[in-house]
Amino acid sequence: MIEGWGRQQLSRMLSAGTIEGRLLLIKRFMEFVGQYPWRWAPADVEDWTSSLLSRDEPCAHSTIRGYQNSLRLFMEYVTDPRYAWVEQCEKRFGEYPVQICHEWNTVEHLSEFEARPGVRPLTYEELQRFFDRCDQRVTEIRARKRKGATAALRDAQLYKTIYAWGLRRREAVRLDLVDLRANPYKKDWGRFGSLHVRYGKAVKGSAPRRRSVLSLPEFDWAIDGLRHYVSEVRPAFEPDKHPALWVTERRSRVAETYLDDRFTEIREEAGLPRELHLHCLRHSYVTHLIEFGYDERFVQEQVGHSYASTTAIYAGISGDYKNGVLAKALDRVYKKEDQP
C-alpha cells in the first residue's frame with residue numbers, strides 16, 4: 001500500500017523530498033497505532049493528534065494540519081476503488097480500510113498565517129546586533145589565530161545577502177556566480193545589480209520558480225560586501241570550477257541546515273530572542289521595504305509571492321512608521337480645513 005501510494009505521488013511529479021516525508025509519516029502513524037491500515041479508525045487520528053500536542057514542545061498548528069492532510073491523502077488512495085485495496089483486504093482479512101480523517105477530527109485551514117505569534121521581523125536594533133556579532137566572530141577567530149576566519153567572513157556576508165535581497169534559505173545556498181547580474185540603470189554596481197534566483201519556492205508538482213531580485217540603494221552596503229566576498233573571500237576556499245556562490249572549505253556548496261544551525265549560534269551569542277529564526281530576515285526585508293516607501297506590488301515581485309496577501313502577512317510595520325503615516329494624514333486633512 002505504502003509503496004503504491006509513493007508511485008502514485010511520483011506520477012504526479014511531486015518532489016522526492018515531499019514523497020519521502022509523507023511515506024515516513026504514514027510509517028510513524030502505523031507504528032503509533034500498532035495496526036495495519038485496514039484496521040485503523042477515526043479514534044486513532046484523535047489519539048495521535050493528542051500525543052503531538054502533549055509534548056514538551058507541542059507541534060505547531062500548521063504542522064499538525066500537514067500531518068493530517070498526508071494521512072487523509074493516503075486513506076483516499078487506499079479506499080479508492082480504482083486501486084482495489086478495499087476488495088483485496090476484505091477478501092484476505094475480512095476487513096477493509098476506511099477514511100479515518102473527517103471534518104470533526106482534523107484541523108481546518110482558517111488563517112492565512114499559521115506561524116507562532118512570536119515569529120516577527122527583526123527590529124533595526126536587532127539586525128544591527130546580529131550583524132555586529134557576525135563581524136565580531138571574524139575578529140575573535142583572527143585574534144586567537146585559529147582556523148575559521150574565512151568561513152566566518154563568508155557566513156557574515158551570506159546572512160547580509162539573505163536580508164538585503166529578501167531570500168529564502170534554499171534560494172540563497174543555490175545561487176551560483178552566474179546568477180549575479182548587472183542592472184543597466186545602475187552600471188557602477190557592475191555584476192551586482194540583481195540576483196537571478198533559479199530555485200524559488202515551487203508549487204507542489206511543479207519546477208522551482210525563477211525571478212530576478214533587484215539590488216536596492218538602501219542596501220548598497222551589502223552590495224559592497226558581496227563584491228568583496230566574490231573578489232577576496234571566495235577565492236580563499238580554492239573553489240576551482242565549482243559554480244556555487246557560497247562554497248565551503250571542502251569545495252562543496254553550503255548546506256541549508258548549516259545556515260539554520262549557525263544562525264541559532266549567532267542569535268544566542270547576540271542575546272536575541274529565541275523565537276527569531278533565519279526566515280525572520282526575509283520578514284524584515286519585506287517590512288523595511290514597505291517602510292522605505294516601495295510599492296507593495298514591487299515588494300511582492302521582489303520576494304516572489306504569488307499573492308499580495310502573503311506579502312502583507314510578512315510585513316510587521318513598526319510603530320514609528322505608522323505614526324509617521326498618521327502624522328502626514330493629519331497634516332494633509334487638517335491643513336486643508338485651516339485654509340481660508
# chains A, B, ... in the order shown; residues from 1 in each chain; ligands from 1

call {"tool": "select_by_dssp", "arguments": {"residues": "range 44-133 of chain A", "states": "helix (DSSP H, G or I)", "output": "PyMOL selection string"}}
result
chain A and resi 44-53+61-79+81-83+85-93+124-133

call {"tool": "residues_around", "arguments": {"residues": "range 124-137 of chain A", "least_positions_apart": "2", "cutoff": "12 Å", "atoms": "only C-alpha atoms", "output": "ChimeraX atom specification"}}
result
/A:120-122,139-144,146-164,222,225,262-273,276-278,280-285,287-288,291,317-318,320

call {"tool": "closest_residue", "arguments": {"among": "A:Arg174, A:His279, A:Lys145, A:Arg198", "to": "Val247 in chain A", "atoms": "only C-alpha atoms"}}
result
A:Arg174

call {"tool": "closest_residue", "arguments": {"among": "A:Met1, A:Arg7, A:Tyr96, A:Asn105", "to": "Val45 in chain A", "atoms": "only C-alpha atoms"}}
result
A:Asn105

call {"tool": "closest_residue", "arguments": {"among": "A:Glu46, A:Arg274, A:Asn183, A:Asp176", "to": "Val254 in chain A", "atoms": "only C-alpha atoms"}}
result
A:Asp176

call {"tool": "residues_around", "arguments": {"residues": "Leu23 in chain A", "least_positions_apart": "2", "cutoff": "12 Å", "atoms": "only C-alpha atoms", "output": "compact mmCIF listing (two decimals) with N, CA, C and O atoms, in the first residue's frame"}}
result
# COMPACT_ATOMS: atom_id res chain seq x y z
N MET A 1 0.82 -1.21 0.00
CA MET A 1 0.00 0.00 0.00
C MET A 1 0.86 1.27 0.00
O MET A 1 0.64 2.18 -0.80
N ILE A 2 1.81 1.29 0.91
CA ILE A 2 2.65 2.48 1.04
C ILE A 2 3.49 2.68 -0.22
O ILE A 2 3.62 3.80 -0.74
N GLU A 3 4.06 1.61 -0.74
CA GLU A 3 4.86 1.72 -1.96
C GLU A 3 4.00 2.16 -3.14
O GLU A 3 4.43 2.97 -3.97
N GLY A 4 2.79 1.64 -3.22
CA GLY A 4 1.89 2.03 -4.30
C GLY A 4 1.53 3.49 -4.22
O GLY A 4 1.45 4.18 -5.25
N TRP A 5 1.29 3.98 -2.98
CA TRP A 5 0.98 5.41 -2.82
C TRP A 5 2.17 6.26 -3.23
O TRP A 5 2.01 7.32 -3.84
N GLY A 6 3.37 5.78 -2.92
CA GLY A 6 4.57 6.50 -3.33
C GLY A 6 4.66 6.61 -4.85
O GLY A 6 5.01 7.67 -5.38
N ARG A 7 4.34 5.54 -5.55
CA ARG A 7 4.37 5.57 -7.03
C ARG A 7 3.30 6.52 -7.58
O ARG A 7 3.52 7.20 -8.58
N GLN A 8 2.15 6.55 -6.91
CA GLN A 8 1.10 7.46 -7.35
C GLN A 8 1.57 8.91 -7.25
O GLN A 8 1.36 9.73 -8.16
N GLN A 9 2.23 9.26 -6.14
CA GLN A 9 2.72 10.63 -5.96
C GLN A 9 3.83 10.96 -6.94
O GLN A 9 3.93 12.09 -7.43
N LEU A 10 4.67 9.96 -7.21
CA LEU A 10 5.74 10.16 -8.19
C LEU A 10 5.14 10.44 -9.57
O LEU A 10 5.66 11.27 -10.33
N ALA A 16 10.96 14.36 -4.63
CA ALA A 16 11.38 13.19 -3.85
C ALA A 16 11.30 13.49 -2.35
O ALA A 16 10.93 12.62 -1.55
N GLY A 17 11.64 14.72 -1.96
CA GLY A 17 11.59 15.08 -0.55
C GLY A 17 10.18 15.04 0.01
O GLY A 17 9.94 14.58 1.13
N THR A 18 9.21 15.54 -0.78
CA THR A 18 7.82 15.52 -0.35
C THR A 18 7.31 14.10 -0.19
O THR A 18 6.66 13.74 0.80
N ILE A 19 7.62 13.27 -1.18
CA ILE A 19 7.16 11.87 -1.14
C ILE A 19 7.78 11.13 0.03
O ILE A 19 7.09 10.43 0.78
N GLU A 20 9.07 11.28 0.21
CA GLU A 20 9.76 10.58 1.30
C GLU A 20 9.21 10.99 2.66
O GLU A 20 8.99 10.15 3.54
N GLY A 21 8.94 12.28 2.83
CA GLY A 21 8.40 12.76 4.09
C GLY A 21 7.02 12.20 4.38
O GLY A 21 6.70 11.83 5.51
N LEU A 25 5.88 9.55 7.36
CA LEU A 25 4.80 9.90 8.28
C LEU A 25 3.80 8.75 8.43
O LEU A 25 3.36 8.44 9.54
N ILE A 26 3.43 8.12 7.31
CA ILE A 26 2.48 7.00 7.37
C ILE A 26 3.07 5.85 8.19
O ILE A 26 2.37 5.22 9.00
N LYS A 27 4.36 5.59 8.02
CA LYS A 27 5.00 4.53 8.79
C LYS A 27 5.02 4.87 10.28
O LYS A 27 4.84 3.99 11.14
N ARG A 28 5.24 6.13 10.60
CA ARG A 28 5.23 6.57 12.01
C ARG A 28 3.83 6.41 12.61
O ARG A 28 3.68 5.98 13.76
N PHE A 29 2.82 6.75 11.84
CA PHE A 29 1.45 6.60 12.32
C PHE A 29 1.11 5.13 12.54
O PHE A 29 0.48 4.77 13.55
N MET A 30 1.54 4.28 11.62
CA MET A 30 1.26 2.85 11.75
C MET A 30 1.96 2.29 12.99
O MET A 30 1.40 1.45 13.71
N TYR A 67 0.36 17.06 8.73
CA TYR A 67 0.37 15.63 9.04
C TYR A 67 -0.99 14.99 8.72
O TYR A 67 -1.08 13.93 8.09
N SER A 70 -1.63 14.63 5.00
CA SER A 70 -0.93 13.49 4.40
C SER A 70 -1.65 12.19 4.71
O SER A 70 -1.79 11.32 3.85
N LEU A 71 -2.12 12.06 5.95
CA LEU A 71 -2.85 10.86 6.34
C LEU A 71 -4.16 10.73 5.56
O LEU A 71 -4.53 9.65 5.11
N LEU A 73 -4.77 11.96 2.56
CA LEU A 73 -4.46 11.61 1.18
C LEU A 73 -4.14 10.12 1.03
O LEU A 73 -4.54 9.49 0.04
N PHE A 74 -3.43 9.58 2.02
CA PHE A 74 -3.12 8.15 1.96
C PHE A 74 -4.39 7.32 2.04
O PHE A 74 -4.57 6.34 1.29

call {"tool": "closest_residue", "arguments": {"among": "A:Leu177, A:Leu214, A:Leu226, A:Ile100", "to": "Lys241 in chain A", "atoms": "only C-alpha atoms"}}
result
A:Leu177

call {"tool": "atom_distance", "arguments": {"atom1": "CA of Gly190 in chain A", "atom2": "CA of Pro217 in chain A"}}
result
13.7 Å

call {"tool": "residues_around", "arguments": {"residues": "Glu103 in chain A", "least_positions_apart": "5", "cutoff": "12 Å", "atoms": "only C-alpha atoms", "output": "ChimeraX atom specification"}}
result
/A:42,45-46,65,68-69,72,108-109

call {"tool": "atom_distance", "arguments": {"atom1": "CA of Glu275 in chain A", "atom2": "CA of Asp220 in chain A"}}
result
28.6 Å

call {"tool": "select_by_dssp", "arguments": {"residues": "range 147-209 of chain A", "states": "strand (DSSP E or B)", "output": "list in words"}}
result
Asp176, Leu180, Arg181, Ser194, Leu195, His196, Val197, Arg198, Tyr199, Gly200 and Arg209 of chain A

call {"tool": "write_last_selection", "arguments": {"atoms": "N, CA and C atoms", "output": "mmCIF file, in the first residue's frame"}}
result
data_model
loop_
_atom_site.group_PDB
_atom_site.id
_atom_site.type_symbol
_atom_site.label_atom_id
_atom_site.label_comp_id
_atom_site.auth_asym_id
_atom_site.auth_seq_id
_atom_site.Cartn_x
_atom_site.Cartn_y
_atom_site.Cartn_z
ATOM 1 N N ASP A 176 24.520 30.614 -7.856
ATOM 2 C CA ASP A 176 25.810 30.400 -8.499
ATOM 3 C C ASP A 176 26.393 31.752 -8.903
ATOM 4 N N LEU A 180 24.739 36.344 -10.637
ATOM 5 C CA LEU A 180 24.979 37.756 -10.362
ATOM 6 C C LEU A 180 24.808 38.509 -11.670
ATOM 7 N N ARG A 181 23.865 39.446 -11.720
ATOM 8 C CA ARG A 181 23.517 40.123 -12.965
ATOM 9 C C ARG A 181 23.665 41.641 -12.839
ATOM 10 N N SER A 194 21.627 42.826 -9.681
ATOM 11 C CA SER A 194 20.472 41.982 -9.367
ATOM 12 C C SER A 194 20.945 40.550 -9.156
ATOM 13 N N LEU A 195 20.103 39.763 -8.519
ATOM 14 C CA LEU A 195 20.368 38.336 -8.324
ATOM 15 C C LEU A 195 19.300 37.549 -9.078
ATOM 16 N N HIS A 196 19.753 36.589 -9.872
ATOM 17 C CA HIS A 196 18.818 35.744 -10.606
ATOM 18 C C HIS A 196 18.553 34.489 -9.791
ATOM 19 N N VAL A 197 17.373 34.434 -9.172
ATOM 20 C CA VAL A 197 17.000 33.298 -8.325
ATOM 21 C C VAL A 197 16.401 32.208 -9.202
ATOM 22 N N ARG A 198 17.035 31.041 -9.217
ATOM 23 C CA ARG A 198 16.569 29.933 -10.062
ATOM 24 C C ARG A 198 15.917 28.807 -9.263
ATOM 25 N N TYR A 199 15.980 28.899 -7.937
ATOM 26 C CA TYR A 199 15.409 27.856 -7.098
ATOM 27 C C TYR A 199 14.407 28.443 -6.111
ATOM 28 N N GLY A 200 13.475 29.233 -6.641
ATOM 29 C CA GLY A 200 12.419 29.786 -5.811
ATOM 30 C C GLY A 200 11.445 28.715 -5.366
ATOM 31 N N ARG A 209 10.344 28.057 -9.139
ATOM 32 C CA ARG A 209 10.024 29.304 -9.842
ATOM 33 C C ARG A 209 11.237 30.223 -9.856
#

call {"tool": "residues_around", "arguments": {"residues": "Gln99 in chain A", "least_positions_apart": "2", "cutoff": "10 Å", "atoms": "only C-alpha atoms", "output": "ChimeraX atom specification"}}
result
/A:37-38,40-42,71-80,97,101-102

call {"tool": "write_last_selection", "arguments": {"atoms": "N, CA and C atoms", "output": "JSON list (two decimals), in the first residue's frame"}}
result
[["chain", "number", "residue", "atom", "x", "y", "z"],
["A", 37, "PRO", "N", -3.26, -0.58, 8.08],
["A", 37, "PRO", "CA", -4.23, 0.44, 7.65],
["A", 37, "PRO", "C", -5.68, -0.02, 7.58],
["A", 38, "TRP", "N", -5.93, -1.31, 7.28],
["A", 38, "TRP", "CA", -7.32, -1.77, 7.18],
["A", 38, "TRP", "C", -7.99, -1.93, 8.54],
["A", 40, "TRP", "N", -7.35, 0.65, 10.94],
["A", 40, "TRP", "CA", -7.32, 1.99, 11.52],
["A", 40, "TRP", "C", -8.74, 2.53, 11.67],
["A", 41, "ALA", "N", -8.92, 3.40, 12.70],
["A", 41, "ALA", "CA", -10.22, 4.01, 12.97],
["A", 41, "ALA", "C", -10.04, 5.50, 13.24],
["A", 42, "PRO", "N", -11.10, 6.29, 13.11],
["A", 42, "PRO", "CA", -11.01, 7.74, 13.38],
["A", 42, "PRO", "C", -10.44, 8.06, 14.76],
["A", 71, "LEU", "N", -2.12, 12.06, 5.95],
["A", 71, "LEU", "CA", -2.85, 10.86, 6.34],
["A", 71, "LEU", "C", -4.16, 10.73, 5.56],
["A", 72, "ARG", "N", -4.83, 11.87, 5.38],
["A", 72, "ARG", "CA", -6.08, 11.86, 4.62],
["A", 72, "ARG", "C", -5.84, 11.43, 3.17],
["A", 73, "LEU", "N", -4.77, 11.96, 2.56],
["A", 73, "LEU", "CA", -4.46, 11.61, 1.18],
["A", 73, "LEU", "C", -4.14, 10.12, 1.03],
["A", 74, "PHE", "N", -3.43, 9.58, 2.02],
["A", 74, "PHE", "CA", -3.12, 8.15, 1.96],
["A", 74, "PHE", "C", -4.39, 7.32, 2.04],
["A", 75, "MET", "N", -5.29, 7.69, 2.94],
["A", 75, "MET", "CA", -6.54, 6.94, 3.08],
["A", 75, "MET", "C", -7.43, 7.09, 1.86],
["A", 76, "GLU", "N", -7.38, 8.25, 1.20],
["A", 76, "GLU", "CA", -8.13, 8.41, -0.05],
["A", 76, "GLU", "C", -7.60, 7.44, -1.11],
["A", 77, "TYR", "N", -6.28, 7.25, -1.11],
["A", 77, "TYR", "CA", -5.67, 6.32, -2.07],
["A", 77, "TYR", "C", -6.10, 4.88, -1.80],
["A", 78, "VAL", "N", -6.00, 4.42, -0.54],
["A", 78, "VAL", "CA", -6.28, 3.01, -0.25],
["A", 78, "VAL", "C", -7.76, 2.69, -0.29],
["A", 79, "THR", "N", -8.65, 3.72, -0.19],
["A", 79, "THR", "CA", -10.09, 3.46, -0.27],
["A", 79, "THR", "C", -10.65, 3.73, -1.66],
["A", 80, "ASP", "N", -9.81, 4.21, -2.57],
["A", 80, "ASP", "CA", -10.23, 4.47, -3.95],
["A", 80, "ASP", "C", -10.49, 3.13, -4.66],
["A", 97, "PRO", "N", -10.04, -1.02, 4.63],
["A", 97, "PRO", "CA", -9.73, 0.34, 5.10],
["A", 97, "PRO", "C", -10.88, 1.31, 4.83],
["A", 101, "CYS", "N", -10.02, 10.27, 8.47],
["A", 101, "CYS", "CA", -9.91, 11.72, 8.68],
["A", 101, "CYS", "C", -11.20, 12.39, 8.19],
["A", 102, "HIS", "N", -11.86, 13.10, 9.06],
["A", 102, "HIS", "CA", -13.08, 13.79, 8.66],
["A", 102, "HIS", "C", -13.08, 15.19, 9.27]]
